[in-house]
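K.L.:
Next up, entry-v4.txt (compact mmCIF, C-alpha atoms).
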# COMPACT_ATOMS: atom_id res chain seq x y z
CA MET E 1 93.10 23.68 90.54
CA ASP E 2 94.52 21.04 92.84
CA LEU E 3 95.48 21.78 96.40
CA ASP E 4 98.98 20.68 97.26
CA GLN E 5 99.99 19.23 100.59
CA GLU E 6 101.92 22.32 101.70
CA THR E 7 98.93 24.63 101.18
CA VAL E 8 96.64 22.28 103.10
CA TRP E 9 99.14 22.16 105.99
CA GLN E 10 99.58 25.92 106.01
CA VAL E 11 95.85 26.62 106.06
CA GLY E 12 95.14 23.95 108.70
CA VAL E 13 97.93 24.99 111.04
CA THR E 14 97.13 28.70 110.60
CA ILE E 15 93.50 28.08 111.54
CA ALA E 16 94.59 25.99 114.55
CA VAL E 17 97.00 28.70 115.80
CA VAL E 18 94.41 31.47 115.37
CA VAL E 19 91.76 29.39 117.20
CA LEU E 20 94.27 28.74 120.00
CA PHE E 21 94.97 32.50 120.18
CA VAL E 22 91.24 33.35 120.40
CA VAL E 23 90.70 30.72 123.12
CA ALA E 24 93.68 32.13 125.04
CA LEU E 25 92.15 35.64 124.76
CA ALA E 26 88.84 34.35 126.11
CA VAL E 27 90.57 32.66 129.04
CA LEU E 28 92.62 35.81 129.71
CA SER E 29 89.51 37.97 129.77
CA GLN E 30 88.02 35.76 132.49
CA VAL E 31 91.12 35.13 134.61
CA PHE E 32 92.39 38.70 134.88
CA VAL E 33 89.08 40.45 135.54
CA GLU E 34 88.29 42.04 138.88
CA ASP E 35 85.19 43.69 140.33
CA VAL E 36 85.50 47.44 140.84
CA VAL E 37 83.18 49.51 143.04
CA VAL E 38 81.57 52.45 141.26
CA GLU E 39 80.33 55.30 143.46
CA ASN E 40 78.53 58.40 142.21
CA GLU E 41 79.79 57.91 138.65
CA PRO E 42 78.39 60.82 136.58
CA LEU E 43 76.29 59.78 133.59
CA SER E 44 74.33 61.86 131.10
CA GLY E 45 72.48 61.07 127.91
CA GLU E 46 69.20 60.68 126.09
CA LEU E 47 66.23 58.66 127.33
CA ASP E 48 63.82 57.16 124.82
CA GLY E 49 60.92 54.86 125.64
CA GLU E 50 57.53 54.79 127.30
CA ILE E 51 56.20 55.67 130.72
CA GLU E 52 53.98 52.85 131.87
CA ASP E 53 51.44 53.10 134.68
CA LEU E 54 51.29 56.80 133.83
CA ASP E 55 49.55 58.87 136.48
CA VAL E 56 48.88 62.54 135.64
CA GLN E 57 47.33 64.68 138.38
CA GLY E 58 47.16 68.32 137.27
CA ASP E 59 50.76 69.12 136.38
CA SER E 60 52.25 66.22 138.44
CA VAL E 61 53.37 63.09 136.60
CA SER E 62 54.55 59.70 137.87
CA GLY E 63 55.06 56.27 136.37
CA THR E 64 57.61 53.68 135.34
CA PHE E 65 60.00 54.46 132.49
CA ASP E 66 60.68 51.48 130.22
CA GLY E 67 63.17 52.15 127.43
CA GLU E 68 66.78 52.88 126.72
CA LEU E 69 69.43 55.32 127.83
CA ASP E 70 72.04 56.32 125.27
CA GLY E 71 74.72 58.30 127.05
CA ASN E 72 78.26 58.74 128.32
CA PHE E 73 79.96 58.20 131.64
CA GLU E 74 81.82 61.38 132.51
CA GLY E 75 84.02 60.23 135.40
CA ASN E 76 86.46 57.37 135.91
CA LEU E 77 84.67 55.03 133.48
CA SER E 78 84.51 57.51 130.58
CA LYS E 79 82.78 55.36 127.99
CA GLU E 80 79.59 55.32 125.97
CA VAL E 81 76.59 53.30 127.13
CA ASP E 82 73.41 52.13 125.47
CA VAL E 83 71.31 50.26 128.02
CA GLU E 84 67.76 49.05 128.40
CA LEU E 85 66.33 49.93 131.79
CA THR E 86 63.20 50.30 133.86
CA ALA E 87 63.01 53.08 136.44
CA GLY E 88 60.53 55.10 138.43
CA VAL E 89 59.92 58.69 137.30
CA GLU E 90 58.23 61.61 139.03
CA GLY E 91 57.97 65.17 137.90
CA THR E 92 55.91 67.96 136.49
CA ILE E 93 54.57 68.52 132.99
CA THR E 94 53.73 71.73 131.17
CA ASP E 95 52.56 71.59 127.54
CA GLU E 96 53.98 68.04 127.10
CA THR E 97 57.40 69.17 128.43
CA MET E 98 58.41 67.17 131.50
CA THR E 99 61.08 67.72 134.16
CA GLY E 100 61.57 65.46 137.13
CA THR E 101 63.54 62.72 138.84
CA PHE E 102 64.55 59.28 137.68
CA GLU E 103 65.48 56.31 139.90
CA GLY E 104 65.95 52.63 139.17
CA ASN E 105 68.29 49.68 138.68
CA VAL E 106 70.81 49.09 135.93
CA ASP E 107 72.69 45.90 135.12
CA GLN E 108 75.03 46.88 132.28
CA PRO E 109 77.79 48.06 132.17
CA VAL E 110 77.48 48.72 135.92
CA ASP E 111 75.42 46.43 138.12
CA GLY E 112 73.70 48.75 140.57
CA THR E 113 71.41 51.75 140.83
CA ILE E 114 70.88 54.81 138.68
CA SER E 115 69.33 58.11 139.73
CA GLY E 116 69.19 61.63 138.45
CA ASP E 117 67.19 64.36 136.80
CA ILE E 118 65.12 64.49 133.63
CA GLU E 119 65.27 67.74 131.69
CA ASN E 120 63.42 68.87 128.57
CA GLY E 121 61.49 65.62 128.42
CA THR E 122 58.74 65.26 125.85
CA LEU E 123 55.84 63.18 127.15
CA ASP E 124 52.78 62.24 125.16
CA THR E 125 50.18 61.67 127.88
CA ASP E 126 47.89 59.83 125.44
CA ASP E 127 50.23 56.92 124.58
CA GLY E 128 52.97 57.38 127.23
CA SER E 129 55.84 57.81 124.77
CA PHE E 130 58.75 59.71 126.28
CA SER E 131 62.10 61.17 125.26
CA GLY E 132 64.34 63.54 127.15
CA LYS E 133 67.72 64.37 128.59
CA PHE E 134 69.07 62.56 131.64
CA SER E 135 71.77 63.73 134.02
CA GLY E 136 72.63 61.73 137.12
CA THR E 137 74.83 59.15 138.80
CA VAL E 138 75.33 55.41 138.92
CA ASN E 139 76.39 53.35 141.95
CA GLY E 140 77.32 49.67 141.95
CA THR E 141 80.04 47.38 140.63
CA THR E 142 81.60 46.72 137.24
CA GLN E 143 84.33 44.45 135.92
CA GLN E 144 87.70 45.72 134.78
CA MET E 145 90.90 44.04 133.62
CA SER E 146 93.56 43.93 136.34
CA PRO E 147 97.03 45.43 135.73
CA ASP E 148 98.47 41.91 135.44
CA GLY E 149 95.94 41.23 132.69
CA GLY E 150 97.41 44.00 130.53
CA ILE E 151 100.88 42.49 130.83
CA ALA E 152 99.51 39.01 130.07
CA LEU E 153 97.69 40.38 127.00
CA VAL E 154 100.86 41.99 125.64
CA ALA E 155 102.76 38.73 126.24
CA LEU E 156 100.05 36.74 124.45
CA ILE E 157 100.12 39.04 121.42
CA GLY E 158 103.93 38.86 121.36
CA ALA E 159 103.81 35.07 121.50
CA PHE E 160 101.31 35.01 118.63
CA VAL E 161 103.53 37.27 116.50
CA VAL E 162 106.52 34.99 117.11
CA VAL E 163 104.69 31.64 116.78
CA MET E 164 102.98 32.33 113.44
CA PRO E 165 106.20 32.74 111.38
CA LEU E 166 107.88 29.87 113.26
CA VAL E 167 105.00 27.56 112.40
CA GLY E 168 105.24 28.64 108.76
CA TYR E 169 108.99 27.96 108.78
CA VAL E 170 108.50 24.49 110.31
CA ILE E 171 105.83 23.62 107.74
CA ARG E 172 108.14 24.75 104.93
CA ARG E 173 111.01 22.65 106.30
CA ILE E 174 109.01 19.42 106.74
CA THR E 175 107.23 19.48 103.37
CA PRO E 176 109.33 18.14 100.52
CA ASP E 177 110.31 20.45 97.71
CA GLU E 178 108.49 19.54 94.53
CA LYS E 179 110.96 19.68 91.70
CA GLU E 180 110.18 18.61 88.20
Translate the structure described by the file into structure tokens.

P.N.:
Amino acid sequence: MDLDQETVWQVGVTIAVVVLFVVALAVLSQVFVEDVVVENEPLSGELDGEIEDLDVQGDSVSGTFDGELDGNFEGNLSKEVDVELTAGVEGTITDETMTGTFEGNVDQPVDGTISGDIENGTLDTDDGSFSGKFSGTVNGTTQQMSPDGGIALVALIGAFVVVMPLVGYVIRRITPDEKE
């Protein structure tokens, strides 16, 4: 099977237009982004990891949680999160069930602080493994597309939809018809 000139042109130009579109999207996502302050954004989810530097004194527990939080923002952000974090924990333990407080820093999707309560946590005091429910708040900043960015995105998609068939038409017009 031999490739004809028209097919080569169509494939090459299509790839070039799609690459140009992707580059334009990348530029758009950087130009029309603004920092937004996040204050007391409610967040809840599941903690899973280890408590390092574990200190157990009777029924009191303290240490540093190192693991992940899989949860959902429940306020203005309203999106799912799955973040790695390190935070200080303090609480009480009864029969490997821990309740307490959680406080630390987070850098994705909000750059700031996280604090809240741990409920129904399961702590293995021998190896420090921990899992439990988290309910709290996040404070800091995050990035969000500006209103002008939405308009620019719609315009870019519209331009792409118009340009692709026009490029195909131009290629068809400039390549000679092969008649036998």

K.L.:
Could you give me, as JSON, numbers by chain, the residues within 7 Å of Val83 (chain E), counting only C-alpha atoms and dropping anything in the same chain fewer than 5 positions from it?

P.N.:
{"E": [68, 69, 70, 108]}

K.L.:
What would the file look like if the residues just selected were written as a compact mmCIF listing (two decimals), in the coordinates of the input with C-alpha atoms?

P.N.:
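As a result, part.txt now contains:
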# COMPACT_ATOMS: atom_id res chain seq x y z
CA GLU E 68 66.78 52.88 126.72
CA LEU E 69 69.43 55.32 127.83
CA ASP E 70 72.04 56.32 125.27
CA GLN E 108 75.03 46.88 132.28

K.L.:
For Gly49 (chain E), which of E:Val17, E:Val36, E:Leu123, E:Leu25 is the closest residue, counting only C-alpha atoms?

P.N.:
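Closest candidate: E:Leu123.
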
K.L.:
CA of Asp107 (chain E) and CA of Phe65 (chain E) are how many Å apart?

P.N.:
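Interatomic distance, CA of Asp107 (chain E) to CA of Phe65 (chain E): 15.5 Å.
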
K.L.:
Taking 3 positions as the minimum chain separation for residues in the same chain, which residues sit within 12 Å of Val18 (chain E) when counting all atoms listed in the file? Answer as a ChimeraX atom specification.

P.N.:
/E:11-15,21-25,156-157,159-161,163-164,167

K.L.:
In Å to one decimal, how far is CA of Gly71 (chain E) from CA of Glu96 (chain E)?

P.N.:
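Going from CA of Glu96 (chain E) over to CA of Gly71 (chain E) covers 22.9 Å.
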
K.L.:
Tell me, as a PyMOL selection string, which residues lie within 9 Å of Pro42 (chain E), counting only C-alpha atoms; anything in the same chain fewer than 5 positions away does not count.

P.N.:
chain E and resi 72-76+135-138

K.L.:
Can you tell me how far CA of Leu28 (chain E) sits from CA of Asp111 (chain E), in Å to one decimal?

P.N.:
21.9 Å

K.L.:
Find, counting only C-alpha atoms, the residue in E:Asp95, E:Asp82, E:Pro109, E:Glu50 that gets nearest to Gln143 (chain E).

P.N.:
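Closest to Gln143 (chain E) of all the choices is E:Pro109.
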
K.L.:
Which residue, E:Val110, E:Val31, E:Val89, E:Ala26, has the smallest gap to Leu43 (chain E) when you use all atoms listed in the file?

P.N.:
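That would be E:Val110, the residue with the smallest distance to Leu43 (chain E).
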
K.L.:
E:Val170, E:Asp127, E:Gln5, E:Gly140: which is nearest Asp53 (chain E), counting all atoms listed in the file?

P.N.:
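When distances to Asp53 (chain E) are compared using all atoms listed in the file, the smallest one comes from E:Asp127.
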
K.L.:
Of the candidates E:Ser29, E:Thr99, E:Ser44, E:Asn105, which shows the shortest atom-to-atom distance to Phe130 (chain E), using all atoms listed in the file?

P.N.:
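The closest residue to Phe130 (chain E) is E:Thr99.
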
K.L.:
Using all atoms listed in the file, which residue out of E:Gln10, E:Thr125, E:Gln30, E:Ser146 lies closest to Asp55 (chain E)?

P.N.:
E:Thr125

K.L.:
Set the distance at 8 Å and use only C-alpha atoms: which residues neighbour Asp66 (chain E) once local chain neighbours fewer than 3 positions away are removed? I'd like the list as a list in words.

P.N.:
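Listed by chain and then number, they are Gly49, Glu50, Ile51, Glu52, Glu84, Leu85, Thr86 and Ala87 of chain E.
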